[in-house]
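Down below is the structure, laid out as structure tokens.
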Amino acid sequence: QIRPTRAVRVQDHDRRSHSHSPLPPAAMATTSLAASSAHPQLFRSRGNPSSTLRAPSRGRLQPIRCSPAASSPQPATGGEDEGSGRRRLSKQSSWEATDSEGDDYLYRLGKEADNMNIAVGARAGVVDDLFVGNFLGKDSDIVFDYRQKATRTFQYLQGDYYIAPAFLVTCHIVKNYIAHLLDIKIPLILGIWGGKGQGKTFQTELIFRAMGVEPVIMSAGELESERAGEPGRLIRDRYRTASQVIQNQGKLSCLMINDLDAGVGRFGNTQMTVNNQIAVGTLMNLADNPTRVSIGQKWRDSDVTHRVPIIVTGNDFSTLYAPLIRDGRMEKFYWQPNREDIINIVHGMYTKDGLSVEEVSRIVDAFPNQALDFYGALRSRTYDRAILEWVEEIGGHEQLNEKLLKKKGEKLPTFIPPKPTLEALIESGHSLVREQELIMSSKLSKEYMKNLEE
């Protein structure tokens with residue numbers, strides 16, 4: 001057994017060239033033992049550690065100092081290993097596999113990945129179970145399922161609703177899905193515009209339900225952010241999400257943006273922000289290159305997205321940037337339902353109430369030049385008196401806090417909805433018309449602000 005204090009020491013005849021001098025076998029054994037030991041302190045001398053640098057004393061041999069060349073090889077700055085001559089592919093990873101161009105394959109995959117944030121986490125079946133565990137479930141990303149469900153279904157639209165034959169949504173979706181078969185220029189964007197409350201969004205959702213489309217829906221409120229570039233990135237991200245629905249789930253999908261003019265339109269002296277410009281530019285780029293969409297990753301040839309039709313709604317597209325709505329990028333469709341469309345759509349609303357087509361026609365003729373949502377508000381107004389009577393039955397206003405916020409296991413008192421009659425609906429309609437006229441005639445802002453210009 002070799003004791004640390006009596007380790008064999010060989011005097012170096014020439015300190016500057018000691019790496020070239022042969023070592024005795026005992027010295028080599030001591031050196032290897034010291035390098036592999038878990039306690040290198042045991043091989044130090046009892047005296048001052050700096051004594052190894054002093055001149056050799058009589059009767060002792062100078063300790064061996066290993067040069068950097070004898071230590072474990074370290075990669076050089078340029079990717080070369082000293083002594084071994086082996087070249088590493090890159091300093092970013094230890095992966096040794098190369099791609100077709102001879103570059104680091106693992107690092108290139110990371111640069112080209114479209115998932116720029118942590119969206120998966122430690123999921124069971126993906127990483128080792130040792131790192132997943134059973135604490136708080138199997139998945140560390142507890143909102144993964146919610147995040148992946150970015151589309152919307154319309155199963156709540158139960159009933160035989162009327163879809164106007166002139167509505168172009170079906171034709172636009174079909175044309176974009178068979179664009180590779182047609183030798184024509186097909187606009188990617190369909191702009192549905194018209195008066196307020198005319199059922200643009202509702203008719204579109206009815207078509208989605210009939211066709212089995214699961215769209216990704218955005219609103220005008222998402223087209224602005226406190227961070228520059230965020231709305232444009234969000235549009236591209238939602239577009240790619242719809243493409244993944246087509247590819248991974250085998251379902252029809254599209255991107256729908258409601259009230260586009262309210263988000264990026266110019267009204268009077270409103271200020272144009274950088275995000276407005278980026279959002280418009282993103283939509284223009286999608287219309288020109290619908291299969292090459294990046295959200296920040298490096299381009300690769302295999303990253304080709306499905307062509308996803310885009311549907312936008314609005315009231316006045318003249319406020320939008322003109323190159324965005326030009327022919328070839330956006331197909332415009334003005335939606336103004338005629339009397340027949342209005343009667344059929346309203347009759348679908350009142351089917352559960354048992355109103356006939358003739359009674360619905362009398363309601364429509366009694367209130368001409370009204371939007372479709374006006375006839376929906378009639379039905380809601382007829383419920384007001386029944387709800388007030390129900391409040392009195394359950395104990396009055398004092399008991400609403402306890403009754404409405406029911407405890408677990410308790411149920412609300414039974415509410416029997418009234419059956420709207422023709423007379424009640426017409427009476428409610430006149431009440432709504434009076435409210436509209438009162439708002440337009442009063443204009444209390446002139447009373448409160450005397451210096452308001454006409």
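Following the order of the structure tokens, first chain is A, next is B, and so on, with residues numbered from 1 inside each chain and ligands from 1 in the order they appear.
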Selection: 10 Å around segment 258-269 of chain A, only C-alpha atoms, excl. self and same-chain fewer than 6 positions, as an MDAnalysis selection string = chainID A and resid 191:193 200:201 217:224 275:280 311:321
Selection file, N, CA and C atoms, as a JSON list (two decimals), in the first residue's frame:
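Listing of out_32.json after writing:
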[["chain", "number", "residue", "atom", "x", "y", "z"],
["A", 191, "GLY", "N", -64.01, 38.91, -47.41],
["A", 191, "GLY", "CA", -64.47, 40.00, -46.55],
["A", 191, "GLY", "C", -65.98, 40.15, -46.63],
["A", 192, "ILE", "N", -66.66, 39.86, -45.53],
["A", 192, "ILE", "CA", -68.12, 39.99, -45.45],
["A", 192, "ILE", "C", -68.42, 41.29, -44.72],
["A", 193, "TRP", "N", -69.06, 42.22, -45.42],
["A", 193, "TRP", "CA", -69.33, 43.50, -44.79],
["A", 193, "TRP", "C", -70.78, 43.87, -45.04],
["A", 200, "LYS", "N", -74.22, 38.66, -40.11],
["A", 200, "LYS", "CA", -73.03, 38.21, -40.85],
["A", 200, "LYS", "C", -72.33, 37.07, -40.11],
["A", 201, "THR", "N", -72.07, 37.28, -38.84],
["A", 201, "THR", "CA", -71.38, 36.25, -38.05],
["A", 201, "THR", "C", -72.27, 35.03, -37.83],
["A", 217, "ILE", "N", -60.97, 31.44, -34.27],
["A", 217, "ILE", "CA", -61.65, 32.73, -34.32],
["A", 217, "ILE", "C", -60.86, 33.77, -33.54],
["A", 218, "MET", "N", -60.69, 34.93, -34.15],
["A", 218, "MET", "CA", -60.06, 36.09, -33.52],
["A", 218, "MET", "C", -61.05, 37.25, -33.52],
["A", 219, "SER", "N", -60.78, 38.20, -32.65],
["A", 219, "SER", "CA", -61.61, 39.41, -32.58],
["A", 219, "SER", "C", -60.74, 40.63, -32.82],
["A", 220, "ALA", "N", -61.39, 41.76, -33.03],
["A", 220, "ALA", "CA", -60.65, 42.99, -33.29],
["A", 220, "ALA", "C", -59.84, 43.42, -32.07],
["A", 221, "GLY", "N", -60.25, 43.01, -30.87],
["A", 221, "GLY", "CA", -59.50, 43.38, -29.67],
["A", 221, "GLY", "C", -58.14, 42.74, -29.59],
["A", 222, "GLU", "N", -57.88, 41.68, -30.36],
["A", 222, "GLU", "CA", -56.58, 41.02, -30.34],
["A", 222, "GLU", "C", -55.62, 41.60, -31.36],
["A", 223, "LEU", "N", -56.03, 42.62, -32.09],
["A", 223, "LEU", "CA", -55.18, 43.22, -33.11],
["A", 223, "LEU", "C", -54.38, 44.39, -32.57],
["A", 224, "GLU", "N", -54.33, 44.55, -31.27],
["A", 224, "GLU", "CA", -53.52, 45.59, -30.65],
["A", 224, "GLU", "C", -52.91, 45.02, -29.38],
["A", 275, "ASN", "N", -48.53, 48.32, -34.56],
["A", 275, "ASN", "CA", -49.21, 47.03, -34.58],
["A", 275, "ASN", "C", -50.30, 46.96, -35.64],
["A", 276, "ASN", "N", -50.99, 48.08, -35.89],
["A", 276, "ASN", "CA", -51.96, 48.10, -36.98],
["A", 276, "ASN", "C", -51.30, 47.85, -38.32],
["A", 277, "GLN", "N", -50.17, 48.49, -38.53],
["A", 277, "GLN", "CA", -49.45, 48.30, -39.78],
["A", 277, "GLN", "C", -48.93, 46.88, -39.93],
["A", 278, "ILE", "N", -48.41, 46.31, -38.84],
["A", 278, "ILE", "CA", -47.89, 44.94, -38.90],
["A", 278, "ILE", "C", -49.02, 43.95, -39.13],
["A", 279, "ALA", "N", -50.18, 44.17, -38.49],
["A", 279, "ALA", "CA", -51.31, 43.26, -38.68],
["A", 279, "ALA", "C", -51.79, 43.29, -40.12],
["A", 280, "VAL", "N", -51.89, 44.48, -40.70],
["A", 280, "VAL", "CA", -52.30, 44.58, -42.11],
["A", 280, "VAL", "C", -51.26, 43.94, -43.01],
["A", 311, "ILE", "N", -61.58, 34.35, -43.28],
["A", 311, "ILE", "CA", -62.86, 35.05, -43.39],
["A", 311, "ILE", "C", -62.86, 36.19, -42.39],
["A", 312, "VAL", "N", -63.12, 37.40, -42.86],
["A", 312, "VAL", "CA", -63.18, 38.57, -41.99],
["A", 312, "VAL", "C", -64.54, 39.23, -42.16],
["A", 313, "THR", "N", -65.01, 39.83, -41.09],
["A", 313, "THR", "CA", -66.27, 40.57, -41.11],
["A", 313, "THR", "C", -66.01, 42.02, -40.73],
["A", 314, "GLY", "N", -66.93, 42.89, -41.12],
["A", 314, "GLY", "CA", -66.80, 44.29, -40.79],
["A", 314, "GLY", "C", -68.01, 45.06, -41.29],
["A", 315, "ASN", "N", -68.05, 46.34, -40.96],
["A", 315, "ASN", "CA", -69.15, 47.20, -41.37],
["A", 315, "ASN", "C", -68.78, 48.14, -42.51],
["A", 316, "ASP", "N", -67.53, 48.60, -42.54],
["A", 316, "ASP", "CA", -67.12, 49.55, -43.57],
["A", 316, "ASP", "C", -65.67, 49.26, -43.94],
["A", 317, "PHE", "N", -65.47, 48.56, -45.04],
["A", 317, "PHE", "CA", -64.13, 48.20, -45.46],
["A", 317, "PHE", "C", -63.41, 49.34, -46.16],
["A", 318, "SER", "N", -64.08, 50.45, -46.39],
["A", 318, "SER", "CA", -63.39, 51.60, -46.98],
["A", 318, "SER", "C", -62.39, 52.20, -46.00],
["A", 319, "THR", "N", -62.49, 51.85, -44.72],
["A", 319, "THR", "CA", -61.54, 52.35, -43.73],
["A", 319, "THR", "C", -60.26, 51.52, -43.68],
["A", 320, "LEU", "N", -60.21, 50.41, -44.42],
["A", 320, "LEU", "CA", -59.05, 49.54, -44.40],
["A", 320, "LEU", "C", -58.01, 50.02, -45.41],
["A", 321, "TYR", "N", -56.81, 49.52, -45.26],
["A", 321, "TYR", "CA", -55.70, 49.83, -46.17],
["A", 321, "TYR", "C", -56.05, 49.27, -47.55]]
Tell me, as a list in words, which residues lie within 9 Å of segment 327-341 of chain A, counting only C-alpha atoms; anything in the same chain fewer than 4 positions away does not count.
->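 Listing them by chain and then by number gives Tyr162, Ile163, Ala164, Ala166, Phe167, Leu168, His172, Lys185, Ile186, Pro187, Leu188, Ile189, Leu190, Gly191, Ile192, Trp193, Gly194, Gly195, Gln198, Gly199, Lys200, Met284, Ala287, Asp288, Pro323, Ile345, Val346, Val364 and Leu372 of chain A.
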Residue set, segment 135-370 of chain A restricted to strand (DSSP E or B), as a ChimeraX atom specification = /A:189-193,216-218,255-257,310-314,330-334
Here atom CA of Ile343 of chain A and atom CA of Ile207 of chain A stand apart by 18.5 Å
Go through A:Ile310, A:Ile363, A:Leu181, A:Ile342 one by one, measure the shortest atom-to-atom distance of each to Tyr239 of chain A using only C-alpha atoms, and give the residue with the smallest value.
->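 Answer, going by the shortest atom-to-atom distance: A:Ile310.
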Which one is closest to Asn369 of chain A: A:Lys196, A:Lys419, A:Leu388, A:Pro309? Count only C-alpha atoms.
->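 The answer is A:Lys196, which sits nearest to Asn369 of chain A.
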Pairwise distance for atom CA of Lys407 of chain A and atom CA of Ile387 of chain A, rounded to one decimal in Å =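 Straight-line distance from atom CA of Lys407 of chain A to atom CA of Ile387 of chain A works out to 21.4 Å.
The space separating atom CA of Arg227 of chain A from atom CA of Thr273 of chain A comes to 11.2 Å.
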